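This report refers to the structure that appears directly beneath it.
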Amino acid sequence: TEDEEVRAMVKILTEQNAFVKCLADGVTFRFHHMMKECANRVFAALDEEKQAFYLNRFGLWYEQHSQYLHAMDVYRRSKNYDAFLRVVKNDAGILLASLNAQEVMNVLAECPVSILKAHPLAILVLMRSMFNWRLIPKMMELKVLLMEVVEENAAFSDEERGNLLGECDLIMSFLCYNDIGAMSQLHRRASSQMSRPAISIQNNGGWTFGSPSVLMMFYRGPGQLESELAQMDECMPHYYKITCGHGQGAEKIMRAEAAFVQGRFADAQIELERAYAQIEGNGQENMALCCDFLARRLSLCIETEERASFAARRAYLLKQHNIAWLDIFNATAAYYYALLGETEEIPEIFRTHTLFSVNILVHGKPMIEMIENQVYLAQGAYAKVIGRSEGLLAVCAGLHYALVTLHLRIQTAAAYAMLGKTEEAQTLLLQALQEAEPDEFLLPFVENYRYIKKTLEKLPQTPLLARIQRLGKASEQRQKQLSTHRPASLATLTEREYEIVKLMASRLRNREIAEKLFLSEGSVKQYINQIYSKLNIDGGYPGEAAADFIHAECHPLTFG
């Protein structure tokens, strides 16, 4: 309203109206949905000019608070395309990637070309977004538009022309996706033209298209591992130079993953720690999540130190307001619990197979689909795994995803084996072993060992197979050790409540529990009250006595 007495009016509203509540920060208000509905109806009755005025103020507030998805939405509604494109540029495609492609295409269809040409950096962001959505004709159309802008704008200095053309080369390099050498040639050409880092790619944006694994993205075929690792080491510094370190640590994560799939666990752990150290504090959350994916898989093979529980990690990510990061986290948790056989702990979106409800970028989707396959296996849906395999393998062939192909082939063999179709399982496993032999890949077999061990015993013995069987048996023992069999008395607790119980059993104070789980101390107290209620502990029970009771109930569980 911009009324001078607005603070007094809000004070009256919050004191006398149950539908409006001032939150603890003193500046943010929560409206009950009934109040919000009333406000929306009043707003809808305003004339178009007045609506646009308020929407633009609303959009500016969102923009200033870096809530770019909301800003883009209201600027679109007010038809303020200049502001919309300004936000597209500032977002650098990070949150834009979570939108449905058709929504963005609709806005571009409405936006006058003259306005679009006034925002060349937004054009670059949109070009990369079109690649993410595999809308290559639209990507090329936008490139033509950018070339027209560079040619027509006499006000551009030679330096700015070089920056725009170099950044265009950077974006066009994605058309050579996962051919490391070909991509790097364009990165070097871009670097020679640019006097500044890229604007359309920011180092806090996603680097893996939603995949939790770097190796799965860049391993193109049997026998190519060593050359691909060497290329990554040599090429990534050129990319980092023009993107301010976007994806930093990728080459170290890829080396760590390579050591892991070859069963070299100590080497994998060393490289993983190097990767964590390189990305620490630089905002590369996507890369940290790739490290987490490997760390969880590694923990199923050897004793490792847990950096954060799943509950704590999820609580932290929720505060970052980035759905793409949560999607990678859910994929990691789904794979881990599927391998462990604890299907009830698998995140709901994987457990109920509702991945269609989220936008998954094309280049990350095969990895996510492979993880969903692992969930189907854990749930005993063997026919579903077999039925999906042909289509998934075709997609992987088109993207040169040889490691994902290997996983899918082994999963399909596992499904056949569990259905008693030994001949089909043997055929697939022999093909998988042939593909794994040149680079000595073991872990895709080891992770599915409980399904395929009897079939493997019937195959001709080779050194690779002997190593798979040895690691497979060790992995089975490790997974039995890690399986969390709750005492019957704690069976009614939710995952979060159980997480808190384990910390209580370790004698942590409420404040310490809150810090570990990224919760407020008040929230921890509420959870503890719920736990006491479910465990029939009297609310007036002294704290130490309650802790003793919980410790006794949990003993001899091991935590961590």
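Every chain in the structure tokens has a letter given in the order shown (A, B, ...), and although residue numbers restart at 1 in each chain, ligands are simply numbered from 1 in the order shown.
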
Practice item. Extract the full set of alpha helix (DSSP H) residues from stretch 40-144 of chain A according to DSSP on the backbone, and format it as number ranges by chain. Key: A: 40-44, 48-64, 68-77, 81-91, 101-110, 113-117, 120-132, 136-144

Exercise for review: Extract, using only C-alpha atoms, all DNA, RNA and protein residues at most 10 Å from A:Glu344, discarding same-chain residues fewer than 5 positions from it, and format them as a ChimeraX atom specification.
Suggested key: /A:337-338,351,379,495

Write a file of the just-selected residues containing C-alpha atoms, as a CSV table (one decimal), in the first residue's frame.
```csv
chain,number,residue,atom,x,y,z
A,337,TYR,CA,18.8,-47.9,1.0
A,338,ALA,CA,17.9,-50.0,-2.1
A,351,ARG,CA,9.7,-45.6,-3.3
A,379,GLN,CA,11.1,-54.1,-4.0
A,495,GLU,CA,12.8,-41.8,10.6
```

Study note, to complete from the structure: A straight line from atom CA of A:Thr427 to atom CA of A:Leu300 spans 27.8 Å

Exercise for review: For A:Glu280, please output as an MDAnalysis selection string all residues within 12 Å (counting only C-alpha atoms; exclusion window: fewer than 6 positions along the same chain).
Suggested key: chainID A and resid 248:249 273:274 286:289 291

Point to revise | Nearby residues (only C-alpha atoms) at most 7 Å from A:Ser389, same-chain spacing under 3 positions excluded, as a ChimeraX atom specification | key: /A:385-386,392-393,408,412

Spatial neighbours of A:Glu515, 12 Å, only C-alpha atoms, chain gap at least 5 places, as a CSV table (one decimal) with N, CA, C and O atoms, in the first residue's frame:
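Saved to selection31.csv:
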```
chain,number,residue,atom,x,y,z
A,308,ALA,N,27.7,-36.6,7.8
A,308,ALA,CA,26.4,-36.1,8.2
A,308,ALA,C,25.3,-37.2,8.0
A,308,ALA,O,25.4,-37.9,7.0
A,312,ALA,N,20.2,-34.9,8.6
A,312,ALA,CA,20.9,-33.6,8.8
A,312,ALA,C,21.1,-33.0,7.4
A,312,ALA,O,21.0,-31.8,7.2
A,313,ARG,N,21.6,-33.9,6.5
A,313,ARG,CA,21.9,-33.4,5.1
A,313,ARG,C,20.6,-32.8,4.4
A,313,ARG,O,20.7,-31.8,3.8
A,315,ALA,N,17.9,-31.7,5.9
A,315,ALA,CA,17.5,-30.4,6.6
A,315,ALA,C,18.3,-29.3,6.1
A,315,ALA,O,17.8,-28.2,5.8
A,316,TYR,N,19.6,-29.5,5.9
A,316,TYR,CA,20.5,-28.4,5.3
A,316,TYR,C,20.0,-28.0,3.9
A,316,TYR,O,19.9,-26.8,3.6
A,500,ILE,N,16.7,-38.8,16.1
A,500,ILE,CA,16.9,-38.1,17.4
A,500,ILE,C,17.1,-39.0,18.6
A,500,ILE,O,17.9,-38.7,19.5
A,503,LEU,N,20.7,-40.0,18.8
A,503,LEU,CA,21.5,-38.9,19.3
A,503,LEU,C,21.3,-38.8,20.8
A,503,LEU,O,22.2,-38.5,21.6
A,508,LEU,N,23.6,-36.7,23.9
A,508,LEU,CA,23.7,-35.4,23.5
A,508,LEU,C,22.6,-34.5,24.1
A,508,LEU,O,21.5,-35.0,24.3
A,509,ARG,N,22.9,-33.3,24.3
A,509,ARG,CA,21.9,-32.3,24.8
A,509,ARG,C,21.1,-31.8,23.7
A,509,ARG,O,21.4,-32.0,22.5
A,510,ASN,N,19.9,-31.2,24.0
A,510,ASN,CA,19.0,-30.8,23.0
A,510,ASN,C,19.7,-29.8,22.0
A,510,ASN,O,19.5,-29.8,20.8
A,520,SER,N,15.9,-26.1,15.1
A,520,SER,CA,15.9,-25.2,16.2
A,520,SER,C,15.7,-26.0,17.5
A,520,SER,O,15.3,-27.2,17.5
A,521,GLU,N,16.2,-25.5,18.6
A,521,GLU,CA,16.1,-26.3,19.8
A,521,GLU,C,14.7,-26.5,20.2
A,521,GLU,O,14.3,-27.6,20.8
A,522,GLY,N,13.8,-25.6,19.9
A,522,GLY,CA,12.3,-25.8,20.1
A,522,GLY,C,11.8,-26.9,19.4
A,522,GLY,O,11.0,-27.7,19.9
A,523,SER,N,12.2,-27.1,18.1
A,523,SER,CA,11.7,-28.2,17.3
A,523,SER,C,12.2,-29.5,17.9
A,523,SER,O,11.5,-30.5,17.9
A,524,VAL,N,13.4,-29.6,18.4
A,524,VAL,CA,14.0,-30.8,19.0
A,524,VAL,C,13.1,-31.1,20.2
A,524,VAL,O,12.8,-32.3,20.4
```

Exercise for review: Could you tell me how far atom CA of A:Pro463 lies from atom CA of A:Thr422, in Å and to one decimal?
Suggested key: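 Value for the atom CA of A:Pro463-atom CA of A:Thr422 distance: 22.3 Å.
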
**Study point:** Top pick for closest residue to A:Asn132, considering A:Arg57, A:His363, A:Arg76, A:Arg507 and counting only C-alpha atoms
**Key:**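 Ranking A:Arg57, A:His363, A:Arg76, A:Arg507 by distance to A:Asn132, first place goes to A:His363.
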